[in-house]
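Text of run-v7.cif (mmCIF, C-alpha atoms and all ligand atoms; chains and numbers go by the auth columns) as supplied:
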data_entry
#
loop_
_atom_site.group_PDB
_atom_site.id
_atom_site.type_symbol
_atom_site.label_atom_id
_atom_site.label_comp_id
_atom_site.label_asym_id
_atom_site.label_seq_id
_atom_site.Cartn_x
_atom_site.Cartn_y
_atom_site.Cartn_z
_atom_site.B_iso_or_equiv
_atom_site.auth_seq_id
_atom_site.auth_asym_id
ATOM 1 C CA MET A 1 6.510 5.235 -5.212 0.00 23 A
ATOM 2 C CA ASP A 2 3.701 5.961 -2.761 0.00 24 A
ATOM 3 C CA ALA A 3 1.669 2.799 -3.332 0.00 25 A
ATOM 4 C CA LYS A 4 -0.959 3.585 -0.676 0.00 26 A
ATOM 5 C CA GLN A 5 -1.640 6.926 -2.324 0.00 27 A
ATOM 6 C CA LEU A 6 -1.890 5.384 -5.791 0.00 28 A
ATOM 7 C CA VAL A 7 -4.172 2.589 -4.536 0.00 29 A
ATOM 8 C CA SER A 8 -6.415 5.218 -2.969 0.00 30 A
ATOM 9 C CA GLU A 9 -6.517 7.211 -6.225 0.00 31 A
ATOM 10 C CA LEU A 10 -7.407 4.051 -8.138 0.00 32 A
ATOM 11 C CA GLN A 11 -10.217 3.322 -5.666 0.00 33 A
ATOM 12 C CA ASP A 12 -11.490 6.898 -6.137 0.00 34 A
ATOM 13 C CA LEU A 13 -11.606 6.263 -9.888 0.00 35 A
ATOM 14 C CA ARG A 14 -13.578 3.062 -9.287 0.00 36 A
ATOM 15 C CA ASP A 15 -15.965 4.846 -6.933 0.00 37 A
ATOM 16 C CA SER A 16 -16.665 7.467 -9.574 0.00 38 A
ATOM 17 C CA GLY A 17 -17.493 4.807 -12.181 0.00 39 A
ATOM 18 C CA HIS A 18 -14.270 4.483 -14.157 0.00 40 A
ATOM 19 C CA LEU A 19 -13.594 1.115 -15.759 0.00 41 A
ATOM 20 C CA SER A 20 -10.406 -0.962 -15.896 0.00 42 A
ATOM 21 C CA ASP A 21 -9.207 0.718 -19.083 0.00 43 A
ATOM 22 C CA ALA A 22 -8.935 4.061 -17.272 0.00 44 A
ATOM 23 C CA LEU A 23 -7.420 2.492 -14.162 0.00 45 A
ATOM 24 C CA LEU A 24 -4.760 0.615 -16.128 0.00 46 A
ATOM 25 C CA ARG A 25 -3.717 3.772 -17.974 0.00 47 A
ATOM 26 C CA TYR A 26 -3.715 5.854 -14.801 0.00 48 A
ATOM 27 C CA ALA A 27 -1.612 3.282 -12.955 0.00 49 A
ATOM 28 C CA VAL A 28 0.987 2.997 -15.723 0.00 50 A
ATOM 29 C CA ARG A 29 1.416 6.769 -16.005 0.00 51 A
ATOM 30 C CA SER A 30 1.624 7.247 -12.241 0.00 52 A
ATOM 31 C CA ILE A 31 4.142 4.451 -11.736 0.00 53 A
ATOM 32 C CA GLU A 32 6.378 5.693 -14.564 0.00 54 A
ATOM 33 C CA ARG A 33 6.387 9.243 -13.180 0.00 55 A
ATOM 34 C CA SER A 34 7.102 8.127 -9.626 0.00 56 A
ATOM 35 C CA ASP A 35 10.728 7.057 -9.978 0.00 57 A
ATOM 36 C CA PRO A 36 13.597 7.792 -12.399 0.00 58 A
ATOM 37 C CA ARG A 37 14.637 4.119 -12.237 0.00 59 A
ATOM 38 C CA PHE A 38 11.433 3.163 -14.077 0.00 60 A
ATOM 39 C CA ASP A 39 12.289 3.779 -17.737 0.00 61 A
ATOM 40 C CA TRP A 40 9.540 1.691 -19.329 0.00 62 A
ATOM 41 C CA VAL A 41 6.285 0.808 -17.620 0.00 63 A
ATOM 42 C CA GLY A 42 3.446 -1.107 -19.212 0.00 64 A
ATOM 43 C CA VAL A 43 0.532 -3.448 -18.640 0.00 65 A
ATOM 44 C CA TYR A 44 0.010 -6.700 -20.489 0.00 66 A
ATOM 45 C CA LEU A 45 -3.347 -8.456 -20.235 0.00 67 A
ATOM 46 C CA LEU A 46 -3.677 -12.207 -20.582 0.00 68 A
ATOM 47 C CA ASN A 47 -5.734 -13.361 -23.553 0.00 69 A
ATOM 48 C CA SER A 48 -6.659 -16.863 -22.440 0.00 70 A
ATOM 49 C CA GLU A 49 -8.123 -17.942 -25.788 0.00 71 A
ATOM 50 C CA ASN A 50 -4.820 -17.346 -27.560 0.00 72 A
ATOM 51 C CA ASN A 51 -2.653 -18.065 -24.515 0.00 73 A
ATOM 52 C CA GLU A 52 -0.878 -14.767 -25.140 0.00 74 A
ATOM 53 C CA LEU A 53 -0.169 -11.541 -23.313 0.00 75 A
ATOM 54 C CA TRP A 54 -1.474 -8.500 -25.167 0.00 76 A
ATOM 55 C CA LEU A 55 0.041 -5.086 -24.515 0.00 77 A
ATOM 56 C CA HIS A 56 -2.677 -2.796 -23.119 0.00 78 A
ATOM 57 C CA ASN A 57 -0.754 0.476 -22.609 0.00 79 A
ATOM 58 C CA TYR A 58 2.737 1.692 -21.771 0.00 80 A
ATOM 59 C CA VAL A 59 4.988 4.690 -21.238 0.00 81 A
ATOM 60 C CA GLY A 60 8.501 4.505 -22.728 0.00 82 A
ATOM 61 C CA SER A 61 10.129 3.486 -25.969 0.00 83 A
ATOM 62 C CA PRO A 62 7.965 1.681 -28.522 0.00 84 A
ATOM 63 C CA THR A 63 8.261 -2.101 -28.338 0.00 85 A
ATOM 64 C CA GLU A 64 7.788 -4.735 -31.016 0.00 86 A
ATOM 65 C CA HIS A 65 6.483 -7.118 -28.341 0.00 87 A
ATOM 66 C CA ALA A 66 2.818 -6.192 -28.435 0.00 88 A
ATOM 67 C CA ARG A 67 1.866 -9.866 -28.104 0.00 89 A
ATOM 68 C CA ILE A 68 3.874 -12.372 -26.099 0.00 90 A
ATOM 69 C CA PRO A 69 3.027 -16.094 -25.983 0.00 91 A
ATOM 70 C CA VAL A 70 2.702 -17.539 -22.480 0.00 92 A
ATOM 71 C CA GLY A 71 6.003 -19.252 -21.685 0.00 93 A
ATOM 72 C CA THR A 72 8.081 -16.840 -23.794 0.00 94 A
ATOM 73 C CA GLY A 73 10.381 -14.158 -22.392 0.00 95 A
ATOM 74 C CA VAL A 74 10.333 -12.827 -18.858 0.00 96 A
ATOM 75 C CA CYS A 75 6.694 -11.761 -19.233 0.00 97 A
ATOM 76 C CA GLY A 76 5.401 -15.052 -20.602 0.00 98 A
ATOM 77 C CA THR A 77 7.422 -17.055 -18.082 0.00 99 A
ATOM 78 C CA ALA A 78 5.850 -15.117 -15.193 0.00 100 A
ATOM 79 C CA VAL A 79 2.400 -16.274 -16.337 0.00 101 A
ATOM 80 C CA GLU A 80 3.524 -19.844 -17.014 0.00 102 A
ATOM 81 C CA GLN A 81 5.042 -20.080 -13.533 0.00 103 A
ATOM 82 C CA ALA A 82 2.266 -18.013 -11.922 0.00 104 A
ATOM 83 C CA SER A 83 4.868 -15.921 -10.137 0.00 105 A
ATOM 84 C CA ASN A 84 6.386 -12.459 -10.245 0.00 106 A
ATOM 85 C CA MET A 85 9.766 -12.188 -11.964 0.00 107 A
ATOM 86 C CA ARG A 86 12.652 -9.960 -10.956 0.00 108 A
ATOM 87 C CA VAL A 87 15.651 -9.997 -13.293 0.00 109 A
ATOM 88 C CA ASP A 88 18.729 -8.129 -12.074 0.00 110 A
ATOM 89 C CA ASP A 89 20.611 -8.558 -15.357 0.00 111 A
ATOM 90 C CA VAL A 90 18.558 -9.276 -18.457 0.00 112 A
ATOM 91 C CA SER A 91 21.665 -10.353 -20.418 0.00 113 A
ATOM 92 C CA GLU A 92 21.693 -13.516 -18.291 0.00 114 A
ATOM 93 C CA VAL A 93 18.173 -14.584 -19.300 0.00 115 A
ATOM 94 C CA GLU A 94 18.199 -17.036 -22.188 0.00 116 A
ATOM 95 C CA ASN A 95 14.757 -16.332 -23.650 0.00 117 A
ATOM 96 C CA TYR A 96 14.695 -12.619 -22.812 0.00 118 A
ATOM 97 C CA LEU A 97 12.739 -10.504 -25.334 0.00 119 A
ATOM 98 C CA ALA A 98 14.612 -7.228 -25.808 0.00 120 A
ATOM 99 C CA CYS A 99 12.514 -4.158 -26.483 0.00 121 A
ATOM 100 C CA ASP A 100 15.274 -1.596 -26.023 0.00 122 A
ATOM 101 C CA PRO A 101 19.061 -2.224 -25.963 0.00 123 A
ATOM 102 C CA ASP A 102 19.412 0.119 -22.948 0.00 124 A
ATOM 103 C CA VAL A 103 17.368 -2.123 -20.655 0.00 125 A
ATOM 104 C CA GLN A 104 19.428 -3.825 -17.951 0.00 126 A
ATOM 105 C CA SER A 105 16.874 -5.098 -15.441 0.00 127 A
ATOM 106 C CA GLU A 106 13.185 -5.955 -15.379 0.00 128 A
ATOM 107 C CA LEU A 107 10.384 -6.529 -12.879 0.00 129 A
ATOM 108 C CA VAL A 108 7.107 -8.283 -13.676 0.00 130 A
ATOM 109 C CA VAL A 109 4.326 -8.222 -11.077 0.00 131 A
ATOM 110 C CA LEU A 110 1.238 -10.281 -11.812 0.00 132 A
ATOM 111 C CA ILE A 111 -2.246 -8.790 -11.733 0.00 133 A
ATOM 112 C CA ARG A 112 -4.202 -11.666 -10.261 0.00 134 A
ATOM 113 C CA ALA A 113 -7.088 -12.686 -8.039 0.00 135 A
ATOM 114 C CA GLY A 114 -6.039 -15.927 -6.369 0.00 136 A
ATOM 115 C CA ASP A 115 -5.374 -18.476 -9.097 0.00 137 A
ATOM 116 C CA GLU A 116 -6.847 -16.313 -11.840 0.00 138 A
ATOM 117 C CA ILE A 117 -4.211 -14.267 -13.670 0.00 139 A
ATOM 118 C CA PHE A 118 -5.490 -11.186 -15.494 0.00 140 A
ATOM 119 C CA GLY A 119 -2.135 -9.855 -16.659 0.00 141 A
ATOM 120 C CA GLN A 120 0.903 -8.057 -15.335 0.00 142 A
ATOM 121 C CA LEU A 121 2.688 -4.816 -14.650 0.00 143 A
ATOM 122 C CA ASP A 122 6.017 -4.833 -16.521 0.00 144 A
ATOM 123 C CA LEU A 123 8.833 -2.436 -15.611 0.00 145 A
ATOM 124 C CA ASP A 124 12.212 -2.006 -17.299 0.00 146 A
ATOM 125 C CA SER A 125 15.213 -0.051 -16.070 0.00 147 A
ATOM 126 C CA SER A 126 18.449 1.041 -17.705 0.00 148 A
ATOM 127 C CA GLU A 127 20.194 0.329 -14.374 0.00 149 A
ATOM 128 C CA LYS A 128 21.328 -3.169 -13.411 0.00 150 A
ATOM 129 C CA SER A 129 19.562 -4.594 -10.330 0.00 151 A
ATOM 130 C CA ALA A 130 17.268 -1.573 -10.250 0.00 152 A
ATOM 131 C CA PHE A 131 14.335 -3.268 -8.545 0.00 153 A
ATOM 132 C CA THR A 132 13.950 -4.057 -4.841 0.00 154 A
ATOM 133 C CA ASP A 133 11.701 -6.126 -2.578 0.00 155 A
ATOM 134 C CA GLU A 134 9.974 -2.853 -1.644 0.00 156 A
ATOM 135 C CA ASP A 135 9.203 -2.159 -5.314 0.00 157 A
ATOM 136 C CA GLU A 136 7.698 -5.616 -5.711 0.00 158 A
ATOM 137 C CA THR A 137 5.548 -5.172 -2.590 0.00 159 A
ATOM 138 C CA ALA A 138 4.402 -1.687 -3.628 0.00 160 A
ATOM 139 C CA LEU A 139 3.575 -2.776 -7.175 0.00 161 A
ATOM 140 C CA GLY A 140 1.767 -5.812 -5.778 0.00 162 A
ATOM 141 C CA MET A 141 -0.579 -3.481 -3.864 0.00 163 A
ATOM 142 C CA VAL A 142 -1.328 -1.574 -7.059 0.00 164 A
ATOM 143 C CA ALA A 143 -1.760 -4.804 -9.032 0.00 165 A
ATOM 144 C CA ASP A 144 -4.259 -6.105 -6.444 0.00 166 A
ATOM 145 C CA LYS A 145 -6.401 -2.982 -6.811 0.00 167 A
ATOM 146 C CA LEU A 146 -6.335 -3.328 -10.609 0.00 168 A
ATOM 147 C CA ALA A 147 -7.316 -6.997 -10.243 0.00 169 A
ATOM 148 C CA GLU A 148 -10.348 -6.016 -8.144 0.00 170 A
ATOM 149 C CA GLN A 149 -11.700 -3.907 -11.009 0.00 171 A
ATOM 150 C CA LEU A 150 -10.840 -6.491 -13.686 0.00 172 A
ATOM 151 C CA ALA A 151 -12.575 -9.203 -11.630 0.00 173 A
ATOM 152 C CA ALA A 152 -15.640 -7.003 -11.143 0.00 174 A
ATOM 153 C CA GLU A 153 -15.932 -6.535 -14.890 0.00 175 A
ATOM 154 C CA ARG A 154 -15.752 -10.293 -15.541 0.00 176 A
ATOM 155 C CA ARG A 155 -18.829 -10.995 -13.418 0.00 177 A
HETATM 156 N N1 LIG B . 11.410 -8.010 -21.841 0.00 1 B
HETATM 157 C C1 LIG B . 10.123 -8.639 -21.895 0.00 1 B
HETATM 158 C C2 LIG B . 9.335 -8.212 -23.103 0.00 1 B
HETATM 159 C C3 LIG B . 8.559 -6.980 -22.899 0.00 1 B
HETATM 160 S S1 LIG B . 9.422 -5.594 -23.329 0.00 1 B
HETATM 161 O O1 LIG B . 10.484 -5.473 -22.313 0.00 1 B
HETATM 162 C C4 LIG B . 8.455 -4.287 -23.209 0.00 1 B
HETATM 163 C C5 LIG B . 10.266 -10.152 -21.874 0.00 1 B
HETATM 164 O O2 LIG B . 11.378 -10.672 -21.927 0.00 1 B
HETATM 165 O O3 LIG B . 9.242 -10.812 -21.797 0.00 1 B
#
Would you write out, as structure tokens, the structure that this file holds?
Amino acid sequence: MDAKQLVSELQDLRDSGHLSDALLRYAVRSIERSDPRFDWVGVYLLNSENNELWLHNYVGSPTEHARIPVGTGVCGTAVEQASNMRVDDVSEVENYLACDPDVQSELVVLIRAGDEIFGQLDLDSSEKSAFTDEDETALGMVADKLAEQLAAERR
């Protein structure tokens, strides 16, 4: 994935007046297309009132996990611990929420501005240990750009 290129495209969208909804959809589609390891790519946004993650948009198989309580599954644990999560083998995670039996590994990268968590990018792969440090860094750059727009809309 060419993160610099995607970040620049997202900034172009911002400059031309697009809001977070468009940026989140654009990012998910671009990430999913960028690499055959990425079988499911989605964004969850944190709903602080309900203390839940709500699925904003995704590419891949339909999932029954449209809402995930903070603290549940890989996604909810990432928010609870305020840290990204990389799972090389999902069968070893006790509270893993399966959305597709083919999924073997998962990467969650938080969309955040400092201590404030807006949500996360969630990626699944049908390969074990599919995700690397480079993926996490690249997705972090994209997540930071998305956070800039989300923060701007909160003001
Ligand atoms: N596997 C995630 C749930 C999201 S689905 O994979 C789309 C989890 O354990 O939180």
Margin query: Counting only C-alpha atoms and all ligand atoms, what are the residues, protein, DNA or RNA alike, that approach ligand LIG 1 (chain B) to within 6 Å? I want them as a count of residues only.
Written below: 10
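A straight line drawn from atom CA of Val164 of chain A to atom CA of Gln27 of chain A is 9.7 Å long.
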Next item on the list: Just the residues within 8 Å of Ala165 of chain A, please, counting all atoms listed in the file, with nothing from its chain fewer than 6 positions along; format it as a PyMOL selection string.
Entry: chain A and resi 131-134+142-143
Check: Excluding same-chain residues fewer than 5 positions from Arg47 of chain A, what lies within 10 Å of it counting all atoms listed in the file, as a count of residues only?
Finding: 8
Notebook entry, point to check: On this structure, which residues satisfy the PyMOL selection byres (((chain A and resi 29-35) around 8) and not hetatm), written as a PyMOL selection string?
Noted result: chain A and resi 25-28+36-40+45+48-49+163-164+167-168
How about saving the chosen residues, C-alpha atoms kept, as a PDB file, keeping the file's coordinate frame?
ATOM      1  CA  ALA A  25       1.669   2.799  -3.332  1.00  0.00           C
ATOM      2  CA  LYS A  26      -0.959   3.585  -0.676  1.00  0.00           C
ATOM      3  CA  GLN A  27      -1.640   6.926  -2.324  1.00  0.00           C
ATOM      4  CA  LEU A  28      -1.890   5.384  -5.791  1.00  0.00           C
ATOM      5  CA  ARG A  36     -13.578   3.062  -9.287  1.00  0.00           C
ATOM      6  CA  ASP A  37     -15.965   4.846  -6.933  1.00  0.00           C
ATOM      7  CA  SER A  38     -16.665   7.467  -9.574  1.00  0.00           C
ATOM      8  CA  GLY A  39     -17.493   4.807 -12.181  1.00  0.00           C
ATOM      9  CA  HIS A  40     -14.270   4.483 -14.157  1.00  0.00           C
ATOM     10  CA  LEU A  45      -7.420   2.492 -14.162  1.00  0.00           C
ATOM     11  CA  TYR A  48      -3.715   5.854 -14.801  1.00  0.00           C
ATOM     12  CA  ALA A  49      -1.612   3.282 -12.955  1.00  0.00           C
ATOM     13  CA  MET A 163      -0.579  -3.481  -3.864  1.00  0.00           C
ATOM     14  CA  VAL A 164      -1.328  -1.574  -7.059  1.00  0.00           C
ATOM     15  CA  LYS A 167      -6.401  -2.982  -6.811  1.00  0.00           C
ATOM     16  CA  LEU A 168      -6.335  -3.328 -10.609  1.00  0.00           C
TER      17      LEU A 168
END
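You can rank A:Ser105, A:Thr159, A:Ser151, A:Ser56 by their closest distance to Glu138 of chain A using only C-alpha atoms, and at the top of that list sits A:Ser105.
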Next item on the list: For atom CA of Glu149 of chain A and atom CA of Ile53 of chain A, determine how far apart the two atoms are, in Å to one decimal place.
Entry: 16.8 Å
Item checked: Atom-to-atom span, atom CA of Asp137 of chain A and atom CA of Ala104 of chain A, Å -> 8.2 Å
Note to self: Neighbouring residues of Asp110 of chain A were defined as those with any atom within 9 Å, considering all atoms listed in the file; residues of the same chain fewer than 4 positions away were excluded. Please report them as a ChimeraX atom specification.
What the structure shows: /A:114,126-129,149-153
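In terms of minimum interatomic distance to Phe140 of chain A, A:Trp76 ranks closest within A:Val125, A:Trp76, A:Ile90, A:Asp24, counting only C-alpha atoms.
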Show me, as JSON, the centre and edge lengths in Å to one decimal of the axis-aligned box that covers every listed atom of segment 59-78 of chain A with 6 Å on each side.
{"center_x": 3.3, "center_y": -7.0, "center_z": -19.9, "size_x": 34.8, "size_y": 34.2, "size_z": 27.3}
